[in-house]
file run-v1.csv (CSV, C-alpha atoms)
chain,number,residue,atom,x,y,z
A,544,MET,CA,-19.4,3.3,14.2
A,545,LEU,CA,-16.1,3.2,12.2
A,546,SER,CA,-15.2,-0.3,13.5
A,547,GLU,CA,-18.5,-1.7,12.3
A,548,LEU,CA,-18.2,0.0,8.9
A,549,GLN,CA,-14.7,-1.5,8.5
A,550,ARG,CA,-15.9,-5.0,9.5
A,551,VAL,CA,-18.8,-4.9,7.1
A,552,LEU,CA,-16.6,-3.5,4.3
A,553,LEU,CA,-13.9,-6.1,4.7
A,554,THR,CA,-16.4,-8.9,4.7
A,555,ALA,CA,-18.1,-7.5,1.6
A,556,CYS,CA,-14.8,-7.4,-0.2
A,557,LEU,CA,-14.4,-11.1,0.4
A,558,GLN,CA,-17.7,-12.0,-1.2
A,559,ARG,CA,-18.1,-13.3,-4.8
A,560,GLU,CA,-20.8,-10.7,-5.3
A,561,PRO,CA,-19.8,-7.9,-2.9
A,562,ALA,CA,-22.3,-5.2,-3.9
A,563,PRO,CA,-25.6,-7.3,-3.5
A,564,TRP,CA,-24.2,-8.8,-0.3
A,565,LEU,CA,-23.5,-5.3,1.1
A,566,LEU,CA,-27.0,-4.0,0.2
A,567,ALA,CA,-28.6,-7.1,1.8
A,568,MET,CA,-26.6,-6.4,5.0
A,569,LEU,CA,-27.6,-2.8,5.1
A,570,GLU,CA,-31.3,-3.8,4.7
A,571,ARG,CA,-31.1,-5.9,7.8
A,572,GLY,CA,-30.9,-2.7,9.9
A,573,ASP,CA,-29.1,-4.2,12.9
A,574,LEU,CA,-25.6,-2.8,12.1
A,575,ALA,CA,-24.1,-0.2,14.4
A,576,LEU,CA,-23.6,2.4,11.7
A,577,THR,CA,-24.4,6.1,11.6
A,578,ALA,CA,-26.8,7.3,8.9
A,579,ALA,CA,-23.8,8.9,7.1
A,580,GLU,CA,-21.8,5.6,7.2
A,581,ARG,CA,-24.9,3.7,6.0
A,582,GLU,CA,-25.2,6.1,3.1
A,583,LEU,CA,-21.5,5.8,2.1
A,584,LEU,CA,-21.7,1.9,2.1
A,585,ALA,CA,-25.0,1.9,0.2
A,586,ALA,CA,-23.4,4.0,-2.6
A,587,LEU,CA,-20.9,1.3,-3.1
A,588,GLY,CA,-23.6,-0.6,-5.1
A,589,ASN,CA,-22.2,1.5,-8.0
A,590,SER,CA,-18.7,0.2,-7.4
A,591,ALA,CA,-19.2,-3.5,-7.9
A,592,ASP,CA,-16.3,-4.0,-10.3
A,593,GLY,CA,-13.9,-2.3,-8.0
A,594,MET,CA,-15.0,-4.4,-5.1
A,595,ARG,CA,-14.8,-7.6,-7.2
A,596,LEU,CA,-11.3,-6.8,-8.3
A,597,THR,CA,-10.3,-6.1,-4.7
A,598,ARG,CA,-11.4,-9.6,-3.8
A,599,LEU,CA,-9.2,-11.0,-6.6
A,600,LEU,CA,-6.2,-9.0,-5.4
A,601,VAL,CA,-6.8,-10.3,-1.9
A,602,GLU,CA,-6.7,-13.9,-3.2
A,603,LYS,CA,-3.6,-13.2,-5.3
A,604,LEU,CA,-1.8,-11.8,-2.3
A,605,ARG,CA,-2.8,-14.7,-0.2
A,606,LEU,CA,-1.6,-17.2,-2.8
A,607,GLU,CA,1.7,-15.4,-3.1
A,608,ARG,CA,2.1,-15.4,0.7
A,609,LEU,CA,1.2,-19.1,0.9
A,610,LEU,CA,3.7,-20.1,-1.8
A,611,ARG,CA,6.4,-18.1,0.0
A,612,GLY,CA,5.5,-19.7,3.3
A,613,ASP,CA,6.0,-23.3,2.3
A,614,PRO,CA,8.5,-24.5,-0.3
A,615,GLU,CA,6.6,-27.8,-0.7
A,616,LEU,CA,3.4,-26.0,-1.7
A,617,ALA,CA,5.4,-23.8,-4.1
A,618,ALA,CA,6.7,-26.9,-5.7
A,619,ALA,CA,3.2,-28.4,-5.9
A,620,PHE,CA,2.0,-25.2,-7.6
A,621,VAL,CA,4.8,-25.5,-10.2
A,622,ARG,CA,4.0,-29.2,-10.8
A,623,ASP,CA,0.3,-28.8,-11.4
A,624,GLU,CA,-1.0,-25.2,-11.3
A,625,ALA,CA,-4.6,-26.0,-12.0
A,626,ALA,CA,-4.9,-28.7,-9.3
A,627,PHE,CA,-3.1,-26.4,-6.8
A,628,VAL,CA,-5.4,-23.5,-7.6
A,629,ALA,CA,-8.4,-25.7,-7.0
A,630,ARG,CA,-7.0,-26.6,-3.6
A,631,PHE,CA,-6.3,-23.0,-2.8
A,632,ARG,CA,-9.7,-21.8,-3.9
A,633,ARG,CA,-11.4,-24.3,-1.5
A,634,TYR,CA,-9.2,-22.9,1.3
A,635,CYS,CA,-9.9,-19.3,0.4
A,636,ASP,CA,-13.6,-19.8,0.3
A,637,ALA,CA,-13.6,-21.5,3.7
A,638,VAL,CA,-11.0,-19.5,5.6
A,639,PRO,CA,-11.2,-15.7,5.7
A,640,PRO,CA,-7.8,-14.0,5.7
A,641,THR,CA,-6.1,-13.4,9.0
A,642,ALA,CA,-2.5,-14.1,8.2
A,643,VAL,CA,0.1,-11.3,7.7
A,644,PHE,CA,3.3,-13.3,7.2
A,645,PRO,CA,3.9,-16.2,4.7
A,646,SER,CA,4.5,-18.7,7.5
A,647,GLU,CA,1.1,-17.8,9.1
A,648,GLU,CA,-0.8,-18.3,5.8
A,649,ALA,CA,1.0,-21.6,5.3
A,650,ALA,CA,0.0,-22.7,8.8
A,651,ALA,CA,-3.6,-21.7,8.3
A,652,PHE,CA,-3.6,-23.6,5.0
A,653,ALA,CA,-2.2,-26.8,6.6
A,654,ALA,CA,-4.7,-26.6,9.4
A,655,PHE,CA,-7.5,-26.3,6.9
A,656,GLU,CA,-6.4,-29.2,4.8
A,657,ARG,CA,-5.9,-31.3,8.0
A,658,ALA,CA,-9.4,-30.5,9.1
A,659,ALA,CA,-10.9,-31.2,5.7
A,660,ALA,CA,-9.2,-34.6,5.5
A,661,HIS,CA,-11.0,-35.8,8.6
B,1159,MET,CA,0.5,26.9,11.2
B,1160,SER,CA,2.9,26.6,8.4
B,1161,PRO,CA,4.7,23.2,8.4
B,1162,ARG,CA,8.4,22.9,8.5
B,1163,ALA,CA,9.9,20.0,6.6
B,1164,PRO,CA,12.6,17.8,8.2
B,1165,TRP,CA,16.0,17.1,6.8
B,1166,PRO,CA,17.5,17.9,4.4
B,1167,SER,CA,17.7,21.6,4.5
B,1168,PRO,CA,15.3,23.6,2.3
B,1169,GLN,CA,18.2,25.1,0.4
B,1170,ARG,CA,19.1,21.7,-1.1
B,1171,ARG,CA,17.0,20.2,-3.9
B,1172,PRO,CA,14.9,17.1,-3.2
B,1173,LEU,CA,16.8,13.9,-3.4
B,1174,CYS,CA,16.1,11.3,-6.1
B,1175,GLY,CA,15.8,7.9,-4.6
B,1176,LEU,CA,15.0,4.3,-5.2
B,1177,SER,CA,12.8,1.8,-3.4
B,1178,LEU,CA,14.9,-1.2,-2.4
B,1179,PRO,CA,13.0,-4.5,-2.4
B,1180,ASN,CA,14.1,-7.6,-0.5
B,1181,ASP,CA,15.2,-9.3,-3.7
B,1182,ARG,CA,18.7,-10.4,-4.6
B,1183,ALA,CA,18.0,-10.5,-8.4
B,1184,PHE,CA,16.7,-6.9,-8.3
B,1185,LEU,CA,19.7,-5.7,-6.4
B,1186,GLN,CA,22.0,-7.4,-8.9
B,1187,ARG,CA,20.1,-6.2,-12.0
B,1188,CYS,CA,19.8,-2.6,-10.8
B,1189,ARG,CA,23.4,-2.5,-9.3
B,1190,PRO,CA,24.6,0.6,-11.3
B,1191,LEU,CA,21.5,2.5,-10.3
B,1192,ILE,CA,21.9,1.6,-6.7
B,1193,GLU,CA,25.7,1.9,-6.4
B,1194,GLU,CA,26.2,5.1,-8.5
B,1195,GLN,CA,23.1,7.1,-9.0
B,1196,ALA,CA,20.5,6.8,-6.3
B,1197,GLU,CA,20.7,9.6,-3.8
B,1198,LEU,CA,18.4,8.0,-1.2
B,1199,PHE,CA,16.9,4.6,-0.5
B,1200,GLU,CA,13.4,3.7,0.7
B,1201,VAL,CA,13.1,0.5,2.6
B,1202,THR,CA,10.0,-1.4,3.8
B,1203,PRO,CA,11.0,-3.1,7.0
B,1204,GLU,CA,8.0,-5.4,7.1
B,1205,VAL,CA,9.1,-7.3,4.0
B,1206,LEU,CA,12.3,-8.1,5.8
B,1207,TRP,CA,10.4,-9.8,8.7
B,1208,ARG,CA,9.2,-13.2,9.6
B,1209,ALA,CA,6.2,-13.8,12.0
B,1210,GLY,CA,6.3,-11.7,15.1
B,1211,ALA,CA,8.1,-8.9,13.3
B,1212,GLN,CA,11.4,-10.7,13.9
B,1213,PRO,CA,14.2,-10.1,11.4
B,1214,GLY,CA,13.8,-12.6,8.5
B,1215,ALA,CA,15.8,-13.6,5.4
B,1216,GLY,CA,17.4,-10.6,3.8
B,1217,HIS,CA,17.2,-8.3,6.9
B,1218,GLY,CA,20.9,-8.5,7.8
B,1219,SER,CA,22.1,-8.1,4.2
B,1220,MET,CA,19.8,-5.1,3.7
B,1221,GLN,CA,21.2,-3.5,6.8
B,1222,GLN,CA,24.8,-4.2,5.6
B,1223,LEU,CA,24.0,-2.8,2.1
B,1224,LEU,CA,22.5,0.4,3.4
B,1225,ALA,CA,25.4,0.9,5.8
B,1226,ARG,CA,27.9,0.3,3.0
B,1227,LEU,CA,26.2,2.7,0.6
B,1228,GLY,CA,26.0,5.4,3.3
B,1229,ARG,CA,23.2,7.4,1.7
B,1230,PRO,CA,20.0,8.7,3.4
B,1231,VAL,CA,17.3,6.1,4.0
B,1232,VAL,CA,13.5,6.5,4.5
B,1233,GLY,CA,11.2,3.9,5.9
B,1234,HIS,CA,7.9,2.9,4.4
B,1235,GLY,CA,5.1,0.5,5.5
B,1236,VAL,CA,2.0,-1.0,4.0
B,1237,LEU,CA,0.2,-3.1,6.6
B,1238,PHE,CA,0.5,-1.2,9.9
B,1239,GLY,CA,-3.2,-0.4,9.6
B,1240,LEU,CA,-3.0,3.4,9.7
B,1241,GLY,CA,-6.8,3.7,9.4
B,1242,ASN,CA,-7.8,0.8,11.6
B,1243,ALA,CA,-10.6,1.7,14.1
B,1244,GLU,CA,-9.1,-0.9,16.4
B,1245,PRO,CA,-5.5,-2.0,16.6
B,1246,PRO,CA,-4.8,-5.6,15.5
B,1247,ALA,CA,-3.3,-8.2,17.9
B,1248,ARG,CA,0.1,-7.9,16.1
B,1249,ARG,CA,0.4,-4.2,16.9
B,1250,PRO,CA,2.8,-4.4,19.9
B,1251,ALA,CA,5.3,-6.7,18.0
B,1252,TRP,CA,4.9,-4.6,14.9
B,1253,LEU,CA,5.8,-1.5,16.7
B,1254,GLN,CA,8.9,-3.1,18.3
B,1255,GLY,CA,10.0,-4.3,14.9
B,1256,LEU,CA,9.5,-0.8,13.4
B,1257,GLN,CA,11.4,0.8,16.4
B,1258,ARG,CA,14.3,-1.6,15.9
B,1259,ASP,CA,14.5,-1.1,12.1
B,1260,VAL,CA,13.9,2.6,11.9
B,1261,ALA,CA,16.9,3.0,14.3
B,1262,ALA,CA,19.0,0.3,12.6
B,1263,PHE,CA,18.5,1.7,9.1
B,1264,GLY,CA,18.8,5.3,10.2
B,1265,CYS,CA,15.4,6.4,8.6
B,1266,GLN,CA,15.0,10.1,8.1
B,1267,TRP,CA,11.2,9.7,8.3
B,1268,PHE,CA,8.6,6.9,8.1
B,1269,SER,CA,5.6,6.7,5.9
B,1270,GLU,CA,2.7,4.3,5.8
B,1271,HIS,CA,-0.2,3.6,3.4
B,1272,LEU,CA,-3.5,5.3,4.3
B,1273,GLY,CA,-6.2,2.7,4.7
B,1274,PHE,CA,-7.5,0.1,7.1
B,1275,ALA,CA,-5.9,-3.4,7.1
B,1276,ASP,CA,-7.8,-5.2,9.8
B,1277,ALA,CA,-11.3,-5.4,11.2
B,1278,GLY,CA,-13.4,-7.8,13.1
B,1279,GLY,CA,-10.5,-10.2,13.6
B,1280,GLY,CA,-9.9,-10.4,9.8
B,1281,HIS,CA,-6.9,-9.1,7.9
B,1282,ALA,CA,-7.5,-7.4,4.5
B,1283,THR,CA,-4.0,-8.2,3.0
B,1284,LEU,CA,-4.0,-4.7,1.5
B,1285,PRO,CA,-5.1,-1.3,2.8
B,1286,LEU,CA,-8.8,-0.7,2.1
B,1287,PRO,CA,-10.4,2.7,1.6
B,1288,LEU,CA,-11.5,4.9,4.5
B,1289,PRO,CA,-14.7,7.0,4.7
B,1290,PRO,CA,-14.0,10.7,4.7
B,1291,THR,CA,-15.5,11.2,8.1
B,1292,ALA,CA,-14.5,12.9,11.4
B,1293,ASP,CA,-14.2,9.4,13.0
B,1294,ALA,CA,-11.8,8.3,10.3
B,1295,VAL,CA,-9.7,11.4,10.7
B,1296,ALA,CA,-9.6,10.7,14.5
B,1297,ALA,CA,-8.6,7.0,14.0
B,1298,VAL,CA,-5.8,7.9,11.5
B,1299,THR,CA,-4.6,10.6,13.8
B,1300,ALA,CA,-4.5,8.3,16.8
B,1301,ASN,CA,-2.5,5.7,14.8
B,1302,LEU,CA,-0.1,8.4,13.4
B,1303,ARG,CA,0.5,9.5,17.0
B,1304,VAL,CA,1.5,5.9,17.8
B,1305,LEU,CA,3.9,5.9,14.8
B,1306,GLN,CA,5.3,9.3,15.9
B,1307,ALA,CA,6.6,7.4,19.0
B,1308,VAL,CA,8.7,5.4,16.5
B,1309,HIS,CA,9.8,8.3,14.4
B,1310,PRO,CA,8.7,12.0,15.0
B,1311,VAL,CA,8.4,12.6,11.2
B,1312,VAL,CA,5.6,10.5,9.7
B,1313,ALA,CA,3.8,10.6,6.4
B,1314,PHE,CA,0.9,8.7,4.8
B,1315,GLU,CA,0.6,7.6,1.2
B,1316,ASN,CA,-2.5,7.9,-1.0
B,1317,ASN,CA,-3.6,4.5,-2.3
B,1318,ALA,CA,-4.9,3.5,-5.7
B,1319,ASP,CA,-8.3,2.6,-4.4
B,1320,LEU,CA,-10.5,0.6,-6.7
B,1321,PHE,CA,-13.6,2.0,-5.1
B,1322,CYS,CA,-14.2,5.0,-3.0
B,1323,LEU,CA,-16.4,5.8,0.0
B,1324,GLY,CA,-17.9,9.2,-0.9
B,1325,ASP,CA,-16.8,11.7,-3.4
B,1326,PRO,CA,-13.2,11.1,-4.6
B,1327,LEU,CA,-12.7,14.8,-5.0
B,1328,ALA,CA,-13.3,15.2,-1.3
B,1329,GLN,CA,-10.4,12.9,-0.6
B,1330,PRO,CA,-7.7,15.6,-0.7
B,1331,GLN,CA,-9.6,17.6,1.9
B,1332,PHE,CA,-9.6,14.4,4.1
B,1333,PHE,CA,-5.9,14.2,3.6
B,1334,ALA,CA,-5.5,17.9,4.6
B,1335,ALA,CA,-7.5,17.3,7.8
B,1336,ILE,CA,-5.3,14.4,8.8
B,1337,CYS,CA,-2.1,16.4,8.1
B,1338,GLU,CA,-3.3,19.3,10.2
B,1339,ARG,CA,-4.7,17.3,13.1
B,1340,ALA,CA,-1.8,14.8,13.3
B,1341,ASP,CA,1.0,17.1,12.2
B,1342,ALA,CA,1.8,14.6,9.5
B,1343,TRP,CA,3.1,14.7,6.0
B,1344,LEU,CA,1.8,13.4,2.7
B,1345,LEU,CA,3.6,10.9,0.5
B,1346,LEU,CA,2.1,11.6,-2.8
B,1347,ASP,CA,2.1,8.6,-5.1
B,1348,LEU,CA,1.4,10.0,-8.5
B,1349,HIS,CA,0.7,6.7,-10.2
B,1350,ASN,CA,-1.8,5.8,-7.4
B,1351,ALA,CA,-3.5,9.1,-8.0
B,1352,PHE,CA,-3.6,8.6,-11.7
B,1353,ALA,CA,-4.9,5.0,-11.4
B,1354,GLN,CA,-7.5,5.9,-8.9
B,1355,CYS,CA,-8.8,8.9,-10.7
B,1356,ARG,CA,-9.0,6.9,-13.9
B,1357,ASN,CA,-10.8,4.0,-12.3
B,1358,LEU,CA,-13.3,6.3,-10.5
B,1359,GLY,CA,-13.8,8.6,-13.5
B,1360,VAL,CA,-12.3,11.7,-11.8
B,1361,ASP,CA,-10.2,14.3,-13.5
B,1362,LEU,CA,-6.6,13.9,-12.2
B,1363,ASP,CA,-5.8,17.6,-12.3
B,1364,SER,CA,-8.9,18.5,-10.3
B,1365,TRP,CA,-7.9,15.9,-7.7
B,1366,LEU,CA,-4.3,17.2,-7.6
B,1367,ASP,CA,-5.5,20.9,-7.4
B,1368,ARG,CA,-7.2,20.1,-4.1
B,1369,LEU,CA,-4.2,18.6,-2.3
B,1370,PRO,CA,-2.5,20.3,0.7
B,1371,TRP,CA,0.7,20.9,-1.3
B,1372,ASP,CA,2.7,22.4,1.6
B,1373,ARG,CA,2.4,19.0,3.2
B,1374,VAL,CA,3.9,16.9,0.4
B,1375,LEU,CA,7.2,15.6,1.7
B,1376,GLU,CA,7.8,12.8,-0.7
B,1377,ILE,CA,6.6,11.7,-4.2
B,1378,HIS,CA,6.5,8.2,-5.5
B,1379,LEU,CA,6.9,7.5,-9.2
B,1380,SER,CA,6.1,4.2,-10.8
B,1381,GLY,CA,4.3,2.4,-13.6
B,1382,GLY,CA,1.4,0.0,-13.4
B,1383,SER,CA,-0.8,-2.1,-15.6
B,1384,GLU,CA,-4.3,-2.8,-16.7
B,1385,SER,CA,-6.3,-5.6,-15.2
B,1386,ASP,CA,-7.2,-8.6,-17.5
B,1387,PRO,CA,-10.7,-8.2,-19.1
B,1388,ASP,CA,-11.3,-11.9,-18.2
B,1389,TRP,CA,-11.2,-11.0,-14.5
B,1390,LEU,CA,-14.5,-9.2,-14.3
B,1391,PRO,CA,-17.9,-10.4,-15.7
B,1392,SER,CA,-18.3,-6.9,-17.2
B,1393,ARG,CA,-14.9,-7.3,-18.9
B,1394,ARG,CA,-14.1,-3.9,-17.7
B,1395,THR,CA,-10.4,-3.2,-17.1
B,1396,LEU,CA,-9.1,-1.2,-14.2
B,1397,ARG,CA,-5.7,0.4,-13.7
B,1398,LEU,CA,-3.6,-1.4,-11.1
B,1399,ASP,CA,-0.7,-0.1,-9.0
B,1400,SER,CA,1.4,-3.1,-9.9
B,1401,HIS,CA,4.7,-1.2,-10.1
B,1402,ASP,CA,5.8,-3.3,-13.0
B,1403,GLY,CA,6.2,-0.8,-15.9
B,1404,ALA,CA,7.7,2.5,-17.0
B,1405,VAL,CA,6.2,5.7,-15.6
B,1406,PRO,CA,3.3,6.6,-18.0
B,1407,ALA,CA,3.0,9.9,-19.7
B,1408,PRO,CA,0.1,11.2,-17.5
B,1409,VAL,CA,2.2,10.6,-14.4
B,1410,TRP,CA,5.1,12.5,-15.9
B,1411,ARG,CA,2.8,15.4,-16.7
B,1412,ALA,CA,1.5,15.3,-13.1
B,1413,PHE,CA,5.1,15.2,-11.8
B,1414,GLU,CA,6.1,18.3,-13.8
B,1415,ARG,CA,3.1,20.2,-12.4
B,1416,ALA,CA,3.7,18.9,-8.9
B,1417,LEU,CA,7.3,20.1,-8.6
B,1418,PRO,CA,6.7,23.8,-8.4
B,1419,ARG,CA,3.8,23.3,-6.0
B,1420,ALA,CA,5.5,21.0,-3.5
B,1421,ALA,CA,7.7,23.6,-1.7
B,1422,ASN,CA,8.5,21.2,1.2
B,1423,LEU,CA,9.3,18.2,-1.1
B,1424,ARG,CA,12.4,16.4,0.2
B,1425,ALA,CA,12.5,13.2,-1.9
B,1426,VAL,CA,11.3,11.6,-5.1
B,1427,VAL,CA,11.4,7.8,-5.0
B,1428,LEU,CA,11.1,5.4,-8.0
B,1429,GLU,CA,9.4,2.1,-7.3
B,1430,TRP,CA,9.5,-1.1,-9.3
B,1431,LEU,CA,8.4,-4.5,-7.8
B,1432,PRO,CA,10.9,-7.2,-8.5
B,1433,ASP,CA,8.6,-10.1,-9.6
B,1434,GLY,CA,9.1,-10.7,-13.2
B,1435,MET,CA,11.6,-8.0,-13.7
B,1436,THR,CA,13.9,-8.4,-16.7
B,1437,ASP,CA,17.1,-6.6,-17.8
B,1438,ALA,CA,15.0,-4.6,-20.2
B,1439,HIS,CA,12.8,-3.5,-17.3
B,1440,ALA,CA,15.9,-2.5,-15.3
B,1441,GLY,CA,16.8,-0.3,-18.3
B,1442,LEU,CA,13.4,1.4,-18.3
B,1443,LEU,CA,13.7,2.0,-14.5
B,1444,ALA,CA,17.1,3.6,-15.0
B,1445,ALA,CA,15.8,5.8,-17.8
B,1446,ASP,CA,12.8,6.9,-15.6
B,1447,PHE,CA,15.3,7.6,-12.7
B,1448,ALA,CA,17.4,9.7,-14.9
B,1449,ARG,CA,14.4,11.7,-16.2
B,1450,ALA,CA,13.2,12.3,-12.6
B,1451,GLN,CA,16.6,13.3,-11.4
B,1452,GLU,CA,17.0,15.8,-14.3
B,1453,ALA,CA,13.6,17.3,-13.4
B,1454,LEU,CA,14.9,17.9,-9.9
B,1455,CYS,CA,18.1,19.6,-10.9
call {"tool": "encode", "arguments": {"input": "run-v1.csv", "output": "structure tokens"}}
result
Amino acid sequence: MLSELQRVLLTACLQREPAPWLLAMLERGDLALTAAERELLAALGNSADGMRLTRLLVEKLRLERLLRGDPELAAAFVRDEAAFVARFRRYCDAVPPTAVFPSEEAAAFAAFERAAAH
Amino acid sequence: MSPRAPWPSPQRRPLCGLSLPNDRAFLQRCRPLIEEQAELFEVTPEVLWRAGAQPGAGHGSMQQLLARLGRPVVGHGVLFGLGNAEPPARRPAWLQGLQRDVAAFGCQWFSEHLGFADAGGGHATLPLPLPPTADAVAAVTANLRVLQAVHPVVAFENNADLFCLGDPLAQPQFFAAICERADAWLLLDLHNAFAQCRNLGVDLDSWLDRLPWDRVLEIHLSGGSESDPDWLPSRRTLRLDSHDGAVPAPVWRAFERALPRAANLRAVVLEWLPDGMTDAHAGLLAADFARAQEALC
């Protein structure tokens, strides 16, 4: 099923080690995939670098969005980049991407930090 | 059935255009190119939006600029989710925004990146590769039909995929099936093609040879960059479609070979993303523009 393939592929692209994660998922055998889709995904084991780089690009785009979405966060990034990146990484690891617009990413980040503070 | 390209008339040569970002410094820096040379402008409505696809900062001034310049405009999108198996929750608002802006900017056609952007409630932030399957052709066709309600002339752009589902050389056939089934056009991004072929170890000419050339409506020209070796444990570098450099030699070669083949070509658009752009970069962009324009004359 195309929707299942897309769900699995998107989740794989957010993993630190996408290729082994994907192969482990395919071994489970409970995914609603056709044999052809399963074969296409299994072959991505040879594309580990491309998938890893995709994850980095997703993080970069989320960071750019976040900084555009909240001027205070943009100022915090300029003041201490390393500290801000550590904050951002915690957010990215915990919250999968759902935001499209900068204000949405900023709201998701604020909600995450509020929840983490309690 | 042989396709018939939209405006302008086939007797006129393709127009040489420029992608206009929502960036005041870019507009200032590239002012001579924009004011005096560009024959067409490409605009991405979604970068002018705030949440809910409402007009955001820069929307009004872009509309005013385009009206003042009075030259043809084409619309371009990135995150509609052309290959999505399921439409995202934002789809109705997104379509309303597109409808409003395609009319407001007077777009001659609308193009969108080919890929899926949403799945399982998550958003990819960039278009991800599609499998070359009948289901994917059907999904893209259904989404293109939705876009055709916004503008009757729609095109899709090939991405610079960093990985591929299936044989990369089968991709042009996948494009042809979509064009045929959806009555859509291809926006051929030559740097994306170059980058993807290099990253996936495929011969660019062989990939280009397989394209449905009679469906190429528009060409994108741009530069890109190499990824940092520190980014991957293997220290391998991959070519990125970062749109932040001069058009490289292999892309110019592909462009020269493309022109006689793309009989329905209507526009060539130069792209440069504004982040980090300097005056020297603006000079490089102007030189690339002049070279492309000369090739079209």
call {"tool": "closest_residue", "arguments": {"input": "run-v1.csv", "among": "A:Ala617, A:Ala642, A:Ala555, A:Leu609", "to": "chain B", "atoms": "all atoms listed in the file"}}
result
A:Ala642
call {"tool": "closest_atom_pairs", "arguments": {"input": "run-v1.csv", "of": "chain A", "to": "chain B", "cutoff": "10 Å", "atoms": "all atoms listed in the file", "output": "tab-separated table"}}
result
residue	atom	partner	partner_atom	distance
A:Met544	CA	B:Asp1293	CA	8.1
A:Leu545	CA	B:Ala1243	CA	6.0
A:Ser546	CA	B:Ala1243	CA	5.1
A:Glu547	CA	B:Gly1278	CA	8.0
A:Leu548	CA	B:Pro1289	CA	8.9
A:Gln549	CA	B:Ala1277	CA	5.8
A:Arg550	CA	B:Ala1277	CA	4.9
A:Val551	CA	B:Ala1277	CA	8.6
A:Leu552	CA	B:Leu1286	CA	8.6
A:Leu553	CA	B:Ala1282	CA	6.5
A:Thr554	CA	B:Gly1280	CA	8.4
A:Cys556	CA	B:Ala1282	CA	8.7
A:Leu557	CA	B:Ala1282	CA	8.8
A:Ala579	CA	B:Thr1291	CA	8.7
A:Glu580	CA	B:Pro1289	CA	7.7
A:Glu582	CA	B:Gly1324	CA	8.9
A:Leu583	CA	B:Leu1323	CA	5.5
A:Leu584	CA	B:Leu1323	CA	6.9
A:Ala585	CA	B:Leu1323	CA	9.4
A:Ala586	CA	B:Leu1323	CA	7.7
A:Leu587	CA	B:Leu1323	CA	7.1
A:Asn589	CA	B:Phe1321	CA	9.1
A:Ser590	CA	B:Phe1321	CA	5.9
A:Ala591	CA	B:Phe1321	CA	8.3
A:Asp592	CA	B:Leu1390	CA	6.8
A:Gly593	CA	B:Leu1320	CA	4.7
A:Met594	CA	B:Phe1321	CA	6.6
A:Arg595	CA	B:Leu1390	CA	7.3
A:Leu596	CA	B:Leu1390	CA	7.2
A:Thr597	CA	B:Leu1320	CA	7.0
A:Arg598	CA	B:Ala1282	CA	9.4
A:Leu599	CA	B:Trp1389	CA	8.1
A:Leu600	CA	B:Leu1284	CA	8.4
A:Val601	CA	B:Thr1283	CA	6.0
A:Glu602	CA	B:Thr1283	CA	8.8
A:Lys603	CA	B:Thr1283	CA	9.7
A:Leu604	CA	B:Thr1283	CA	6.8
A:Arg605	CA	B:Thr1283	CA	7.3
A:Arg608	CA	B:Thr1283	CA	9.7
A:Gly612	CA	B:Arg1208	CA	9.8
A:Pro639	CA	B:Gly1280	CA	6.8
A:Pro640	CA	B:His1281	CA	5.4
A:Thr641	CA	B:His1281	CA	4.5
A:Ala642	CA	B:His1281	CA	6.7
A:Val643	CA	B:Thr1283	CA	7.0
A:Phe644	CA	B:Ala1209	CA	5.6
A:Pro645	CA	B:Arg1208	CA	7.8
A:Ser646	CA	B:Ala1209	CA	6.9
A:Glu647	CA	B:Ala1209	CA	7.1
call {"tool": "residues_around", "arguments": {"input": "run-v1.csv", "residues": "Leu1348 in chain B", "least_positions_apart": "4", "cutoff": "10 Å", "atoms": "all atoms listed in the file", "output": "list in words"}}
result
Asn1316, Asn1317, Ala1318, Phe1352, Ala1353, Gln1354, Leu1362, Leu1366, Ile1377, His1378, Leu1379, Ser1380, Gly1381, Val1405, Pro1408, Val1409, Trp1410, Arg1411, Ala1412, Phe1413 and Ala1416 of chain B
call {"tool": "closest_residue", "arguments": {"input": "run-v1.csv", "among": "B:His1349, B:Gln1257, B:Arg1356, B:His1271", "to": "Ala1307 in chain B", "atoms": "all atoms listed in the file"}}
result
B:Gln1257
call {"tool": "atom_distance", "arguments": {"input": "run-v1.csv", "atom1": "CA of Leu1442 in chain B", "atom2": "CA of His1401 in chain B"}}
result
12.2 Å
call {"tool": "atom_distance", "arguments": {"input": "run-v1.csv", "atom1": "CA of Leu1176 in chain B", "atom2": "CA of Glu1200 in chain B"}}
result
6.1 Å
call {"tool": "residues_around", "arguments": {"input": "run-v1.csv", "residues": "range 1186-1191 of chain B", "least_positions_apart": "3", "cutoff": "12 Å", "atoms": "all atoms listed in the file", "output": "VMD selection string"}}
result
chain B and resid 1174 to 1183 1194 to 1199 1223 1227 1428 to 1432 1434 to 1448 1451
call {"tool": "closest_residue", "arguments": {"input": "run-v1.csv", "among": "B:Arg1170, B:Trp1371, B:Asp1402, B:Leu1256", "to": "Thr1202 in chain B", "atoms": "all atoms listed in the file"}}
result
B:Leu1256
call {"tool": "residues_around", "arguments": {"input": "run-v1.csv", "residues": "Phe631 in chain A", "least_positions_apart": "3", "cutoff": "12 Å", "atoms": "all atoms listed in the file", "output": "list in words"}}
result
Glu602, Lys603, Arg605, Leu606, Glu607, Arg608, Leu609, Leu610, Leu616, Ala617, Ala619, Phe620, Glu624, Ala625, Ala626, Phe627, Val628, Tyr634, Cys635, Asp636, Ala637, Val638, Glu648, Ala649, Ala651, Phe652, Ala653, Phe655 and Glu656 of chain A
call {"tool": "closest_residue", "arguments": {"input": "run-v1.csv", "among": "B:Asp1399, B:Asp1363, B:Asp1388, B:Asp1259", "to": "Pro1330 in chain B", "atoms": "only C-alpha atoms"}}
result
B:Asp1363
